[in-house]
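So the structure is just underneath, and the comments pick up after that.
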There are 2 protein chains.
Amino acid sequence: MSPIKMQLSCPMPKMDYDRITLGHGGGGTLTNRLLEQGVFDILGNEILDTHHDGAVFHMNGMMAFSTDSFVVSPIFFPGGDIGELAVNGTVNDLAMCGAKPQYLSLSFIIEEGFLVEDFWRILCSIKDACQRAGVKIVTGDTKVVEYGKGDQIFINTSGVGIIEPKAQIRMDRVKTGDVLIVSNVVASHGIAIMSVREGLQFESDILSDTRPLNNVVMGMIDEFGDHIHLLKDPTRGGIASVLNEIVRDVNLGIHLNEKQIPIDSQVKGACEILGLDPLYVANEGVFIAIVDARSAEDIVSQLRKNEECAHAAIIGQIVADHPRQVIMRSGIGGKRVVNMLVGEQLPRIC
Amino acid sequence: MSPIKMQLSCPMPKMDYDRITLGHGGGGTLTNRLLEQGVFDILGNEILDTHHDGAVFHMNGMMAFSTDSFVVSPIFFPGGDIGELAVNGTVNDLAMCGAKPQYLSLSFIIEEGFLVEDFWRILCSIKDACQRAGVKIVTGDTKVVEYGKGDQIFINTSGVGIIEPKAQIRMDRVKTGDVLIVSNVVASHGIAIMSVREGLQFESDILSDTRPLNNVVMGMIDEFGDHIHLLKDPTRGGIASVLNEIVRDVNLGIHLNEKQIPIDSQVKGACEILGLDPLYVANEGVFIAIVDARSAEDIVSQLRKNEECAHAAIIGQIVADHPRQVIMRSGIGGKRVVNMLVGEQLPRIC
């Protein structure tokens, strides 16, 4: 398998088994040993260490609560792995609500025979991703299913966080004249996964864009407050599907400018080779912000100061014409309706 | 398949597809249709209906947060199904922390080809279980994996709730002389699952004990407050494994009385036929309470007023002798060490 970010931060101890067995999900000695030597050892913190049936902590305010299951295949891919993706995915869902992600739950469904070494790598990756995003794993669960009844490993994370007092992010705040910003180049995650599956070689590797977006989102909310009307991360279904969900829910239209949508030239080339429309390809480290037109330019300027938003751009606006439709002016000047993804373009993308 | 509680509360509308396809997990039109016609329609409430990336609500106080993935096989079994189990499981984990369960997340990993009719039945069962426990599904996720890469359906639920002010439930409150109470007959869930798998027939059906425990636990905490020192639900690994976890964590011993452990005679007979020790068989509607000796009898009396705790009993006590060991006086008078479950007795039990 091609280039993987090696996790050197937590070397694996010597273990007396090299594969996960059904017993590791039985709730007895083997489960406890796996948790003690693995999960608790790597991810431990004062809340997780209580070993209770749930985590206990104090919360006060409007909070966000989100969940996501991750079934990506392959589980290790250029630019990341399922563990990092699982942390970032829920961190970003919380950030899209305007919340500061704080505590995550972590639940594994492991297929019998899964390599302990790979499990360890994923745990280390989860640890690193948590540190980067500033969140803690506080409760969890491990199940094992028979060989052939799963696919290596599935991960669910759920998370909670308090909403920033300045955030006013709600569907009903979207209004005609608002401006659409995309935070960075699109389609990288989907193409990174697809290139591994199809065995494609490029001049340089196309890496998944999986990353936590909470810090940049918090900074944006802090500076621009209620001028940020809505945030969405265009994962499965790509930006086309997310924008269609928005127009349906707000009963307004969206005008998009194809030329302004940032995309890496290699990713664009790969989309052409694979016959994929980048608007429908999944992203894992990009968000769409719908903002007050008066602040749009300033927001883009501020976003671009962050490495992960270096290519932030205004890509369109909310219009009263054609309610419930996304219409794009193409690179060569024509107009076309951009529909929601029909069916499945890339299964098991996240 | 044998007797199933039929869910008549939500008849299935006419749909133009009868099986779940990969497209239903793609994040586009099909996903949206499945959610609109199914999940949102059945489970909708004012928080879920916002369709945001996360749920937003107010919380103030010490809260509990818990997660569980459910991989039970078969997914429909005497006395319940995977949907009901998934709700009750997380509700009960929260109750074991002394929290009033309030909001749940719901995440599906569905195998391609899964019958929409079965998915509908599970959604209805989830709805009924939520009503019974007084909780709401507020956020969710749906993934679909290829045929052969899952096993019909896996469900993760996570949940949050505020801890009752009177609750003082912590491992460090367990002390010598404390009394062990079990809330009802043990081993029913595991034997219900096993009897379906093994095709066993009994005079009357052995039903899973899956049920929400929050109301009875809240009542107990309300009346006995800090005399309740610890609560645990003995699911996978049975009461033997849970008691061993406790003695390990508190560095004290447990003395158990086999005669006092309540068990249904049919379940006991089935355990003998199957060669299973009921102490290691999973429960889904039973809890262990470790309580101040002065209130133990009163607590049992109060518990027994509830149908779901009709067989509540004192089964042992915390002792200073033999720290980190559970020792049981058997029915015929001898003593034996009860160890944690080694390996796996019944895979895919919850």
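Chain identifiers are assigned as A, B, and so on, following the order in which chains appear in the structure tokens; residues are numbered from 1 within each chain, and ligands are numbered from 1 in order of appearance.
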
Please identify all polymer residues within 7 Å of region 306-319 of chain A, counting only C-alpha atoms, omitting same-chain residues fewer than 2 positions from it, and present them as a list in words.
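In the requested format, the answer is Lys175, Thr176, Gly177, Asp178, Val179, Leu180, Ile181, Val182, Ser183, Asn184, Val185, Leu252, Gly253, Ile254, His255, Leu256, Asn257, Gln260, Ile261, Pro262, Val300, Leu303, Arg304 and Asp321 of chain A.
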
If we count only C-alpha atoms and set the cut-off at 6 Å, which residues sit around region 10-25 of chain B, ignoring sequence neighbours fewer than 4 positions away in its own chain? Please answer as a list in words.
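What passes the distance filter is Gly343 and Glu344 of chain A; Leu30, Thr31, Glu112, Gly113, Phe114, Leu115, Val116, Lys143 and Val144 of chain B.
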
Write down, as a VMD selection string, each residue of chain A that has any atom within 6 Å of an atom of chain B, counting only C-alpha atoms.
chain A and resid 23 26 to 30 53 to 68 93 140 to 141 149 to 151 236 to 237 241 340 to 344

Create the file for the chosen residues now, containing C-alpha atoms and written as a PDB file, in the first residue's frame.
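What ended up in again.pdb:
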ATOM      1  CA  GLY A  23     -12.848 -12.994  22.529  1.00  0.00           C
ATOM      2  CA  GLY A  26     -16.592 -10.689  24.673  1.00  0.00           C
ATOM      3  CA  GLY A  27     -16.483  -8.319  27.602  1.00  0.00           C
ATOM      4  CA  GLY A  28     -14.150 -10.539  29.616  1.00  0.00           C
ATOM      5  CA  THR A  29     -10.424 -10.925  30.181  1.00  0.00           C
ATOM      6  CA  LEU A  30      -9.364 -10.470  26.579  1.00  0.00           C
ATOM      7  CA  ASP A  53     -20.295   2.973  31.746  1.00  0.00           C
ATOM      8  CA  GLY A  54     -20.328   6.575  30.621  1.00  0.00           C
ATOM      9  CA  ALA A  55     -18.187   9.671  30.873  1.00  0.00           C
ATOM     10  CA  VAL A  56     -19.122  12.303  33.423  1.00  0.00           C
ATOM     11  CA  PHE A  57     -18.263  16.000  33.043  1.00  0.00           C
ATOM     12  CA  HIS A  58     -19.756  19.442  33.481  1.00  0.00           C
ATOM     13  CA  MET A  59     -21.462  21.344  30.685  1.00  0.00           C
ATOM     14  CA  ASN A  60     -23.254  24.644  30.746  1.00  0.00           C
ATOM     15  CA  GLY A  61     -24.721  26.359  27.730  1.00  0.00           C
ATOM     16  CA  MET A  62     -26.106  25.631  24.305  1.00  0.00           C
ATOM     17  CA  MET A  63     -24.315  22.531  23.182  1.00  0.00           C
ATOM     18  CA  ALA A  64     -23.929  20.611  19.943  1.00  0.00           C
ATOM     19  CA  PHE A  65     -24.031  16.802  19.740  1.00  0.00           C
ATOM     20  CA  SER A  66     -23.102  14.912  16.600  1.00  0.00           C
ATOM     21  CA  THR A  67     -22.378  11.361  15.421  1.00  0.00           C
ATOM     22  CA  ASP A  68     -20.749   9.705  12.433  1.00  0.00           C
ATOM     23  CA  ASP A  93     -19.584  18.371  12.349  1.00  0.00           C
ATOM     24  CA  GLY A 140     -16.027   4.000  24.167  1.00  0.00           C
ATOM     25  CA  ASP A 141     -17.023   0.528  23.096  1.00  0.00           C
ATOM     26  CA  LYS A 149     -19.275 -10.232   8.691  1.00  0.00           C
ATOM     27  CA  GLY A 150     -17.520  -6.875   8.664  1.00  0.00           C
ATOM     28  CA  ASP A 151     -14.646  -5.265   6.773  1.00  0.00           C
ATOM     29  CA  ARG A 236     -20.313  12.516   0.910  1.00  0.00           C
ATOM     30  CA  GLY A 237     -22.081  13.828  -2.158  1.00  0.00           C
ATOM     31  CA  SER A 241     -25.269  17.746  -2.713  1.00  0.00           C
ATOM     32  CA  MET A 340     -28.030  16.582  -5.935  1.00  0.00           C
ATOM     33  CA  LEU A 341     -25.970  13.433  -6.395  1.00  0.00           C
ATOM     34  CA  VAL A 342     -28.215  10.662  -7.644  1.00  0.00           C
ATOM     35  CA  GLY A 343     -27.251   7.278  -6.221  1.00  0.00           C
ATOM     36  CA  GLU A 344     -23.651   6.564  -5.371  1.00  0.00           C
TER      37      GLU A 344
END

Could you tell me, as number ranges by chain, which residues of region 17-264 of chain B DSSP assigns to strand (DSSP E) when given the backbone?
B: 55-70, 76-77, 80-81, 99-111, 136-145, 153-163, 179-182, 228-232, 253-257

Could you give me, as a compact mmCIF listing (two decimals) with C-alpha atoms, in the first residue's frame, the residues within 9 Å of Ser295 (chain B), counting only C-alpha atoms and dropping anything in the same chain fewer than 6 positions from it?
# COMPACT_ATOMS: atom_id res chain seq x y z
CA PHE B 224 -32.09 6.40 48.72
CA HIS B 227 -26.77 5.12 49.87
CA ILE B 228 -26.47 3.93 46.26

Would you pick out the contacts of region 273-276 of chain A at 10 Å or less, using only C-alpha atoms, so that residues sharing its chain but fewer than 5 positions from it are not included, and give the list as a ChimeraX atom specification?
/A:187,190-191,194-195,198,200,267-268,281,345-346

Can you list, as a compact mmCIF listing (two decimals) with N, CA and C atoms, in the first residue's frame, all residues belonging to region 66-245 of chain A that DSSP tags as alpha helix (DSSP H)?
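This went into result.txt:
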# COMPACT_ATOMS: atom_id res chain seq x y z
N ILE A 82 -8.48 5.76 8.72
CA ILE A 82 -9.85 5.77 9.25
C ILE A 82 -9.91 6.37 10.67
N GLY A 83 -8.82 6.22 11.44
CA GLY A 83 -8.83 6.74 12.80
C GLY A 83 -8.85 8.27 12.83
N GLU A 84 -7.92 8.83 12.06
CA GLU A 84 -7.84 10.29 11.96
C GLU A 84 -9.14 10.86 11.38
N LEU A 85 -9.65 10.18 10.35
CA LEU A 85 -10.88 10.61 9.70
C LEU A 85 -12.04 10.63 10.69
N ALA A 86 -12.09 9.60 11.55
CA ALA A 86 -13.20 9.47 12.50
C ALA A 86 -13.18 10.61 13.52
N VAL A 87 -11.99 11.00 13.94
CA VAL A 87 -11.89 12.13 14.88
C VAL A 87 -12.25 13.43 14.16
N ASN A 88 -11.59 13.68 13.03
CA ASN A 88 -11.82 14.94 12.32
C ASN A 88 -13.27 15.08 11.86
N GLY A 89 -13.88 13.97 11.46
CA GLY A 89 -15.25 14.03 10.95
C GLY A 89 -16.21 14.58 11.99
N THR A 90 -16.13 14.06 13.20
CA THR A 90 -17.05 14.53 14.23
C THR A 90 -16.65 15.91 14.76
N VAL A 91 -15.36 16.14 14.87
CA VAL A 91 -14.88 17.49 15.24
C VAL A 91 -15.45 18.52 14.27
N ASN A 92 -15.42 18.20 12.98
CA ASN A 92 -15.89 19.17 11.98
C ASN A 92 -17.41 19.33 12.00
N ASP A 93 -18.12 18.25 12.24
CA ASP A 93 -19.58 18.37 12.35
C ASP A 93 -19.96 19.31 13.49
N LEU A 94 -19.23 19.19 14.60
CA LEU A 94 -19.50 20.09 15.74
C LEU A 94 -19.13 21.53 15.38
N ALA A 95 -17.99 21.68 14.71
CA ALA A 95 -17.56 23.04 14.33
C ALA A 95 -18.59 23.68 13.39
N MET A 96 -19.20 22.89 12.53
CA MET A 96 -20.21 23.43 11.60
C MET A 96 -21.44 23.97 12.34
N VAL A 116 -3.56 -6.74 14.99
CA VAL A 116 -3.37 -5.88 16.16
C VAL A 116 -2.47 -4.69 15.81
N GLU A 117 -1.51 -4.94 14.96
CA GLU A 117 -0.59 -3.88 14.54
C GLU A 117 -1.35 -2.74 13.84
N ASP A 118 -2.30 -3.11 13.02
CA ASP A 118 -3.09 -2.08 12.34
C ASP A 118 -4.00 -1.36 13.33
N PHE A 119 -4.53 -2.13 14.28
CA PHE A 119 -5.38 -1.52 15.31
C PHE A 119 -4.56 -0.50 16.10
N TRP A 120 -3.35 -0.87 16.42
CA TRP A 120 -2.45 0.02 17.16
C TRP A 120 -2.17 1.30 16.38
N ARG A 121 -1.90 1.13 15.10
CA ARG A 121 -1.62 2.29 14.25
C ARG A 121 -2.82 3.25 14.24
N ILE A 122 -4.01 2.65 14.18
CA ILE A 122 -5.23 3.47 14.16
C ILE A 122 -5.41 4.20 15.49
N LEU A 123 -5.13 3.49 16.59
CA LEU A 123 -5.23 4.13 17.91
C LEU A 123 -4.27 5.32 18.02
N CYS A 124 -3.06 5.12 17.53
CA CYS A 124 -2.07 6.21 17.58
C CYS A 124 -2.53 7.39 16.73
N SER A 125 -3.10 7.07 15.60
CA SER A 125 -3.59 8.11 14.71
C SER A 125 -4.75 8.88 15.36
N ILE A 126 -5.60 8.14 16.08
CA ILE A 126 -6.70 8.78 16.82
C ILE A 126 -6.14 9.72 17.88
N LYS A 127 -5.13 9.23 18.58
CA LYS A 127 -4.50 10.05 19.62
C LYS A 127 -3.96 11.36 19.03
N ASP A 128 -3.22 11.23 17.93
CA ASP A 128 -2.64 12.41 17.31
C ASP A 128 -3.72 13.38 16.83
N ALA A 129 -4.78 12.81 16.24
CA ALA A 129 -5.85 13.67 15.73
C ALA A 129 -6.55 14.40 16.87
N CYS A 130 -6.72 13.69 18.01
CA CYS A 130 -7.35 14.33 19.17
C CYS A 130 -6.49 15.48 19.67
N GLN A 131 -5.18 15.25 19.72
CA GLN A 131 -4.29 16.32 20.19
C GLN A 131 -4.36 17.52 19.27
N ARG A 132 -4.37 17.25 17.97
CA ARG A 132 -4.41 18.34 17.00
C ARG A 132 -5.68 19.16 17.13
N ALA A 133 -6.79 18.45 17.35
CA ALA A 133 -8.08 19.16 17.43
C ALA A 133 -8.38 19.67 18.83
N SER A 188 -10.32 16.64 -2.96
CA SER A 188 -9.06 15.92 -2.69
C SER A 188 -9.30 14.59 -1.99
N HIS A 189 -10.19 14.56 -1.00
CA HIS A 189 -10.36 13.30 -0.26
C HIS A 189 -10.85 12.18 -1.16
N GLY A 190 -11.90 12.45 -1.89
CA GLY A 190 -12.48 11.41 -2.76
C GLY A 190 -11.47 10.90 -3.78
N ILE A 191 -10.71 11.82 -4.35
CA ILE A 191 -9.75 11.41 -5.38
C ILE A 191 -8.57 10.65 -4.76
N ALA A 192 -8.18 11.01 -3.54
CA ALA A 192 -7.11 10.26 -2.87
C ALA A 192 -7.54 8.80 -2.66
N ILE A 193 -8.77 8.62 -2.21
CA ILE A 193 -9.30 7.26 -2.00
C ILE A 193 -9.40 6.52 -3.33
N MET A 194 -9.95 7.22 -4.32
CA MET A 194 -10.18 6.59 -5.61
C MET A 194 -8.87 6.21 -6.29
N SER A 195 -7.87 7.06 -6.14
CA SER A 195 -6.61 6.77 -6.82
C SER A 195 -5.96 5.51 -6.25
N VAL A 196 -6.14 5.27 -4.94
CA VAL A 196 -5.62 4.03 -4.35
C VAL A 196 -6.40 2.84 -4.91
N ARG A 197 -7.70 2.98 -4.93
CA ARG A 197 -8.52 1.85 -5.39
C ARG A 197 -8.25 1.51 -6.85
N GLU A 198 -8.01 2.55 -7.65
CA GLU A 198 -7.82 2.32 -9.09
C GLU A 198 -6.35 2.11 -9.43
N ASN A 214 -11.92 22.98 13.37
CA ASN A 214 -12.49 23.75 14.48
C ASN A 214 -11.74 25.04 14.77
N ASN A 215 -10.41 25.01 14.71
CA ASN A 215 -9.69 26.22 15.08
C ASN A 215 -9.95 27.36 14.10
N VAL A 216 -9.91 27.04 12.83
CA VAL A 216 -10.14 28.10 11.85
C VAL A 216 -11.58 28.60 11.91
N VAL A 217 -12.51 27.69 12.15
CA VAL A 217 -13.92 28.11 12.25
C VAL A 217 -14.12 28.98 13.49
N MET A 218 -13.52 28.60 14.61
CA MET A 218 -13.67 29.39 15.83
C MET A 218 -13.10 30.79 15.64
N GLY A 219 -11.96 30.86 14.95
CA GLY A 219 -11.34 32.16 14.68
C GLY A 219 -12.25 33.04 13.83
N MET A 220 -12.87 32.43 12.84
CA MET A 220 -13.77 33.15 11.94
C MET A 220 -14.99 33.67 12.69
N ILE A 221 -15.55 32.80 13.54
CA ILE A 221 -16.74 33.21 14.32
C ILE A 221 -16.37 34.32 15.29
N ASP A 222 -15.19 34.18 15.87
CA ASP A 222 -14.76 35.18 16.84
C ASP A 222 -14.66 36.56 16.18
N GLU A 223 -14.16 36.58 14.95
CA GLU A 223 -13.97 37.88 14.30
C GLU A 223 -15.24 38.40 13.61
N PHE A 224 -16.00 37.49 13.01
CA PHE A 224 -17.12 37.97 12.18
C PHE A 224 -18.50 37.68 12.77
N GLY A 238 -20.36 15.55 -2.00
CA GLY A 238 -19.64 16.74 -2.45
C GLY A 238 -20.40 18.03 -2.26
N ILE A 239 -19.82 19.13 -2.81
CA ILE A 239 -20.46 20.43 -2.59
C ILE A 239 -21.80 20.52 -3.32
N ALA A 240 -21.96 19.81 -4.42
CA ALA A 240 -23.24 19.86 -5.14
C ALA A 240 -24.38 19.39 -4.25
N SER A 241 -24.18 18.29 -3.53
CA SER A 241 -25.27 17.75 -2.71
C SER A 241 -25.58 18.65 -1.53
N VAL A 242 -24.54 19.15 -0.89
CA VAL A 242 -24.75 20.03 0.27
C VAL A 242 -25.48 21.31 -0.15
N LEU A 243 -25.09 21.89 -1.28
CA LEU A 243 -25.75 23.13 -1.72
C LEU A 243 -27.21 22.85 -2.08
N ASN A 244 -27.48 21.68 -2.63
CA ASN A 244 -28.88 21.34 -2.93
C ASN A 244 -29.70 21.15 -1.66
N GLU A 245 -29.08 20.58 -0.63
CA GLU A 245 -29.80 20.46 0.65
C GLU A 245 -30.16 21.85 1.19

d(CA of Val338 (chain B), CA of Gly285 (chain B)) in Å:
22.1 Å

Provide the CA of Pro74 (chain B) to CA of Asp41 (chain B) distance in Å, to one decimal place.
26.1 Å

Counting only C-alpha atoms, which of B:Lys259, B:Ser265, B:Phe287, B:Ala293 gets nearest to Val174 (chain B)?
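For Val174 (chain B), the nearest of the given residues is B:Ala293.
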
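The gap separating CA of Val186 (chain B) from CA of Arg324 (chain B) is 22.8 Å, in Å to one decimal.
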